[in-house]
Structures are given as structure tokens and as C-alpha cells.
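Novice: Structure file input_22.cif, mmCIF, C-alpha atoms, is pasted below:
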```
data_entry
loop_
_atom_site.label_atom_id
_atom_site.label_comp_id
_atom_site.auth_asym_id
_atom_site.auth_seq_id
_atom_site.Cartn_x
_atom_site.Cartn_y
_atom_site.Cartn_z
CA MET Y 1 4.87 7.57 -66.25
CA SER Y 2 8.51 6.70 -65.75
CA ASN Y 3 9.59 3.63 -63.81
CA THR Y 4 11.24 5.86 -61.15
CA LYS Y 5 8.04 7.80 -60.47
CA GLN Y 6 6.03 4.58 -60.43
CA ALA Y 7 8.50 2.95 -57.98
CA ARG Y 8 8.31 6.01 -55.66
CA GLY Y 9 4.52 5.83 -55.73
CA TRP Y 10 4.51 2.17 -54.75
CA ARG Y 11 7.04 2.83 -51.97
CA ALA Y 12 4.81 5.57 -50.57
CA VAL Y 13 1.75 3.30 -50.70
CA LEU Y 14 3.67 0.44 -49.06
CA ALA Y 15 5.00 2.80 -46.37
CA MET Y 16 1.48 4.02 -45.57
CA VAL Y 17 0.13 0.46 -45.46
CA ALA Y 18 3.01 -0.64 -43.17
CA PHE Y 19 2.40 2.34 -40.89
CA ALA Y 20 -1.35 1.62 -40.74
CA VAL Y 21 -0.75 -2.07 -39.94
CA ALA Y 22 1.76 -1.16 -37.21
CA ALA Y 23 -0.59 1.44 -35.72
CA ILE Y 24 -3.55 -0.95 -35.70
CA ALA Y 25 -1.43 -3.74 -34.20
CA GLY Y 26 -0.05 -1.37 -31.61
CA LEU Y 27 -3.50 -0.15 -30.60
CA GLY Y 28 -4.84 -3.66 -30.42
CA CYS Y 29 -2.02 -4.78 -28.11
CA ALA Y 30 -2.06 -1.82 -25.75
CA THR Y 31 -3.07 -2.77 -22.23
CA GLY Y 32 -3.12 -1.07 -18.90
CA PRO Y 33 -0.57 -1.70 -16.17
CA VAL Y 34 -0.06 -5.37 -15.36
CA MET Y 35 0.41 -6.67 -11.83
CA ASP Y 36 -0.73 -9.70 -9.95
CA THR Y 37 -3.20 -8.33 -7.39
CA THR Y 38 -4.03 -11.70 -5.86
CA PRO Y 39 -4.16 -11.07 -2.08
CA ARG Y 40 -1.28 -12.67 -0.20
CA PRO Y 41 -1.55 -12.80 3.60
CA ILE Y 42 1.35 -11.60 5.71
CA PRO Y 43 1.49 -14.24 8.46
CA THR Y 44 3.40 -12.47 11.25
CA GLY Y 45 4.66 -9.19 12.57
CA THR Y 46 6.77 -7.78 15.38
CA LEU Y 47 5.94 -4.96 17.77
CA VAL Y 48 9.38 -3.39 18.00
CA ASN Y 49 8.79 -1.01 20.91
CA ARG Y 50 9.91 -2.56 24.21
CA ASP Y 51 7.57 -0.43 26.34
CA VAL Y 52 4.36 -0.45 24.26
CA THR Y 53 1.44 -2.90 24.19
CA ILE Y 54 -1.38 -2.65 21.63
CA ILE Y 55 -4.69 -4.10 22.83
CA ALA Y 56 -7.85 -4.55 20.74
CA GLU Y 57 -10.74 -2.73 22.39
CA ASP Y 58 -12.90 -5.84 21.92
CA GLY Y 59 -10.20 -8.03 23.53
CA SER Y 60 -9.66 -10.14 20.39
CA PHE Y 61 -5.87 -9.63 20.27
CA GLN Y 62 -2.94 -8.11 22.12
CA LEU Y 63 0.45 -7.20 20.63
CA GLN Y 64 3.15 -7.61 23.26
CA PRO Y 65 6.21 -5.34 23.51
CA GLY Y 66 9.24 -6.55 21.56
CA GLU Y 67 7.53 -9.78 20.50
CA GLN Y 68 6.52 -11.44 17.26
CA PHE Y 69 2.77 -11.91 16.77
CA PRO Y 70 0.51 -13.81 14.36
CA THR Y 71 -1.42 -11.36 12.19
CA PRO Y 72 -4.74 -10.91 14.05
CA PHE Y 73 -6.70 -9.66 11.00
CA ALA Y 74 -6.03 -8.14 7.59
CA THR Y 75 -7.88 -6.38 4.79
CA SER Y 76 -7.39 -5.94 1.07
CA ALA Y 77 -9.67 -2.89 0.92
CA LEU Y 78 -6.92 -0.39 0.20
CA TRP Y 79 -5.28 -1.74 -2.95
CA ASN Y 80 -5.43 0.80 -5.78
CA ALA Y 81 -6.69 3.53 -3.46
CA SER Y 82 -4.86 6.80 -3.88
CA ILE Y 83 -3.89 8.16 -0.46
CA PRO Y 84 -0.71 10.24 -0.34
CA ALA Y 85 1.23 9.88 2.91
CA ASN Y 86 0.87 13.61 3.67
CA THR Y 87 -2.95 13.28 3.79
CA LEU Y 88 -3.12 9.85 5.45
CA VAL Y 89 -3.64 11.31 8.94
CA ASN Y 90 -6.95 12.83 7.81
CA THR Y 91 -8.35 9.51 6.56
CA TYR Y 92 -8.98 8.09 10.05
CA THR Y 93 -12.69 8.87 9.60
CA ARG Y 94 -12.81 6.24 6.83
CA ALA Y 95 -10.46 3.74 8.49
CA ARG Y 96 -13.18 1.56 10.04
CA SER Y 97 -14.87 1.12 6.66
CA TRP Y 98 -11.52 -0.21 5.35
CA GLY Y 99 -11.33 -2.76 8.17
CA ALA Y 100 -9.30 -0.89 10.83
CA ARG Y 101 -9.94 -2.01 14.41
CA PRO Y 102 -10.11 0.20 17.51
CA VAL Y 103 -7.18 -0.35 19.88
CA ILE Y 104 -5.67 0.97 23.11
CA ILE Y 105 -1.97 1.85 22.97
CA ARG Y 106 -0.47 1.33 26.40
CA GLN Y 107 3.04 2.67 27.11
CA ALA Y 108 4.75 2.07 30.46
CA GLY Y 109 4.46 5.10 32.73
CA LYS Y 110 2.34 7.14 30.28
CA ALA Y 111 -1.35 7.80 29.68
CA ASP Y 112 -3.09 5.34 27.35
CA LEU Y 113 -3.80 6.35 23.76
CA HIS Y 114 -6.66 5.38 21.48
CA GLY Y 115 -6.06 4.17 17.98
CA LEU Y 116 -7.34 2.54 14.82
CA LEU Y 117 -5.08 -0.24 13.55
CA LEU Y 118 -5.19 -1.63 10.02
CA PHE Y 119 -3.15 -4.54 8.67
CA ASN Y 120 -3.16 -4.68 4.88
CA ASN Y 121 -2.67 -7.94 2.99
CA ALA Y 122 0.15 -7.97 0.49
CA ILE Y 123 -0.54 -8.75 -3.15
CA ALA Y 124 1.34 -11.34 -5.18
CA ALA Y 125 3.27 -8.54 -6.95
CA ALA Y 126 4.59 -7.19 -3.60
CA VAL Y 127 8.28 -7.58 -2.78
CA GLY Y 128 10.63 -6.71 0.04
CA PRO Y 129 10.47 -6.89 3.83
CA GLY Y 130 7.23 -4.91 4.24
CA SER Y 131 5.40 -7.54 2.20
CA GLN Y 132 6.78 -10.47 4.23
CA SER Y 133 6.25 -9.42 7.86
CA TYR Y 134 4.80 -6.40 9.68
CA TYR Y 135 7.41 -4.30 11.53
CA VAL Y 136 5.35 -2.20 13.94
CA ASN Y 137 7.49 0.62 15.29
CA LEU Y 138 5.88 3.60 17.03
CA PRO Y 139 8.28 6.57 17.21
CA GLN Y 140 8.25 8.35 20.57
CA ASP Y 141 7.62 11.76 18.96
CA LYS Y 142 4.41 10.39 17.36
CA LEU Y 143 3.25 8.94 20.69
CA ASP Y 144 3.97 12.25 22.44
CA ASN Y 145 2.18 14.23 19.72
CA ALA Y 146 -0.93 12.07 20.14
CA ARG Y 147 -0.83 12.63 23.91
CA ARG Y 148 -0.88 16.39 23.26
CA GLY Y 149 -4.33 15.97 21.68
CA ASN Y 150 -3.32 15.62 18.03
CA THR Y 151 -4.27 12.80 15.71
CA THR Y 152 -1.10 11.20 14.42
CA VAL Y 153 -0.45 8.32 12.06
CA VAL Y 154 2.37 5.80 11.72
CA TYR Y 155 2.73 3.19 9.00
CA GLU Y 156 5.05 0.88 7.13
CA MET Y 157 5.37 0.67 3.36
CA MET Y 158 5.64 -2.36 1.11
CA ARG Y 159 6.87 -2.31 -2.46
CA TYR Y 160 5.20 -3.92 -5.46
CA ASN Y 161 6.04 -4.33 -9.14
CA VAL Y 162 3.94 -2.95 -12.00
CA ILE Y 163 4.61 -3.62 -15.68
CA ASP Y 164 3.22 -0.88 -17.93
CA GLU Y 165 1.77 -1.30 -21.42
CA TYR Y 166 5.26 -1.00 -22.93
CA GLY Y 167 6.70 -3.83 -20.82
CA THR Y 168 8.62 -1.46 -18.52
CA SER Y 169 8.74 -2.60 -14.91
CA GLN Y 170 8.27 -0.02 -12.15
CA GLN Y 171 8.31 -0.34 -8.38
CA LYS Y 172 5.63 1.43 -6.37
CA ASP Y 173 4.94 1.63 -2.65
CA TRP Y 174 1.84 0.91 -0.60
CA TYR Y 175 0.90 0.68 3.07
CA SER Y 176 1.65 -2.55 4.90
CA TRP Y 177 0.02 -1.42 8.16
CA ILE Y 178 -1.38 1.87 9.46
CA LEU Y 179 -2.05 3.05 13.02
CA TRP Y 180 -3.93 6.29 13.68
CA MET Y 181 -3.47 7.48 17.30
CA SER Y 182 -5.05 10.12 19.54
CA SER Y 183 -5.59 10.90 23.21
CA THR Y 184 -9.35 10.53 22.64
CA PRO Y 185 -11.26 7.75 20.84
CA LEU Y 186 -11.19 7.97 17.05
#
```
Just give me the structure as C-alpha cells.

Specialist:
Amino acid sequence: MSNTKQARGWRAVLAMVAFAVAAIAGLGCATGPVMDTTPRPIPTGTLVNRDVTIIAEDGSFQLQPGEQFPTPFATSALWNASIPANTLVNTYTRARSWGARPVIIRQAGKADLHGLLLFNNAIAAAVGPGSQSYYVNLPQDKLDNARRGNTTVVYEMMRYNVIDEYGTSQQKDWYSWILWMSSTPL
């Protein structure tokens, strides 16, 4: 066998060994998405509407119009749940099991509404305003829609960082708070 053929053979063997080592190392290092899911409480919020009061049915808290409030309760039950915003309205039947509390939504000069209110804890990976303070804003069209007998939902999003198995950082969104509303008890 000539030296050239022998050298090519060794190069091929070395290339296969190098590929196998790289593949094994790569498989051994692969991990799922990385994020710090340690719950982080959000201490306060603001009810933005100047003509709306939200009252717990059990009397345990009351959110005053246009005022900042201490977070009355929070859950971490929803992290990693997959609930697209376009189907969120239909999840009110499960809301109590996630920690939502029944409330009365009182708007000056209008009929009271019933609701289920959920405050979600942030996680350590969460960033941005929705992960620092709740900004509760109930659009008038949603309030009116609920008074017409429909179940409506309003919410705020928070952003969090995820690092995938390749080290690429992505930002994703999740619910900071959710309020399901209706003209009848939910």
C-alpha cells in the first residue's frame, strides 16, 4: 500500500472518530430550555379605571378606582400551562382550581358584573413592567360586552426569558393577571 493511500485511510478514520466524539459530546450536553422558574411575588398593582371598584365576594379585599393596591393574593399554578389568548375566555370553568377568586365589578351608574380574578406570581426569569406591578385596566367595550350576557376576559402580559439548548435567548409572554367577567356568576 502506498503512503498516500495509507495517509487517506488514517484521515478517514480520524475524521470518523472526531465526528463520533463530537456527536456523543453534543448529545451528552443537550438540555431543555433553561429559565429560572423560582416564583417572585409582584407586590403591588393599580386599578386604572377611575369609575370601577373590584370587590372580593368574601370581603377579603377591595380594589379602589384609580388607586394602587397591595397584591391581595397570587398563584403560581399557571406557569408552563399552554393557554392561547384566543381560547382564554373559555377557561373560566377551570379558573377557581388555578386560584382565581370570585369578585363583583362595580362601575358607577351601571349594573354590577360578576367575575373571577387571578393574580399570577412572576418568575425570576420575568422582565418588564408586567412582572413588576399589576396594571389592571378594564376596557369599556369588555365591560359592556359582559353586561350583554357574554363572558369576557381581560388580562395583562408579562415577558420572561428562556435560553434554549443552543444558548439562544428568547423572550416569551405569560399572563400577569386575568379577569373573567359576566352579568351572571361564573

Novice: Identify all residues satisfying the PyMOL selection byres ((chain Y and resi 129) around 12) in the given file; provide them as number ranges by chain.

Specialist: Y: 42, 44-45, 122, 126-128, 130-135, 156-160, 176

Novice: Quick one: write out the picked residues with C-alpha atoms as a short mmCIF file (atom, residue, chain, number, x, y, z; two decimals), keeping the file's coordinate frame?

Specialist:
```cif
data_model
loop_
_atom_site.label_atom_id
_atom_site.label_comp_id
_atom_site.auth_asym_id
_atom_site.auth_seq_id
_atom_site.Cartn_x
_atom_site.Cartn_y
_atom_site.Cartn_z
CA ILE Y 42 1.35 -11.60 5.71
CA THR Y 44 3.40 -12.47 11.25
CA GLY Y 45 4.66 -9.19 12.57
CA ALA Y 122 0.15 -7.97 0.49
CA ALA Y 126 4.59 -7.19 -3.60
CA VAL Y 127 8.28 -7.58 -2.78
CA GLY Y 128 10.63 -6.71 0.04
CA GLY Y 130 7.23 -4.91 4.24
CA SER Y 131 5.40 -7.54 2.20
CA GLN Y 132 6.78 -10.47 4.23
CA SER Y 133 6.25 -9.42 7.86
CA TYR Y 134 4.80 -6.40 9.68
CA TYR Y 135 7.41 -4.30 11.53
CA GLU Y 156 5.05 0.88 7.13
CA MET Y 157 5.37 0.67 3.36
CA MET Y 158 5.64 -2.36 1.11
CA ARG Y 159 6.87 -2.31 -2.46
CA TYR Y 160 5.20 -3.92 -5.46
CA SER Y 176 1.65 -2.55 4.90
#
```

Novice: Any chance you could resolve the PyMOL selection byres ((chain Y and resi 177) around 7) against this file and give the residues as a VMD selection string?

Specialist: chain Y and resid 118 to 120 155 to 156 175 to 176 178 to 179

Novice: Any idea what the distance is between atom CA of Gly109 of chain Y and atom CA of Leu143 of chain Y?

Specialist: 12.7 Å

Novice: Spell out the residues picked by the PyMOL selection byres ((chain Y and resi 88-100) around 6) here, as JSON, numbers by chain.

Specialist: {"Y": [77, 85, 86, 87, 101, 116, 117, 118, 153]}

Novice: As an exercise, work out the distance from atom CA of Ser60 of chain Y to atom CA of Leu47 of chain Y in Å and give it to one decimal place.

Specialist: 16.6 Å

Novice: My list of candidates is Y:Pro84, Y:Pro139, Y:Pro41, Y:Pro185. Which is closest to Val103 of chain Y when distances are computed with all atoms listed in the file?

Specialist: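 Distance minimum relative to Val103 of chain Y lands on Y:Pro185.
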
Novice: Work out how far apart atom CA of Met181 of chain Y and atom CA of Asn49 of chain Y are and give it in Å to one decimal.

Specialist: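 Taking atom CA of Met181 of chain Y as the start and atom CA of Asn49 of chain Y as the end point, the length is 15.3 Å.
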
Novice: Pick out the residues sitting within 9 Å of Ile54 of chain Y, and hand them over as a list in words; count only C-alpha atoms, and ignore anything fewer than 5 positions along from it in its own chain.

Specialist: Leu47, Phe61, Gln62, Leu63, Gln64, Pro65, Val103, Ile104, Ile105, Arg106 and Gln107 of chain Y
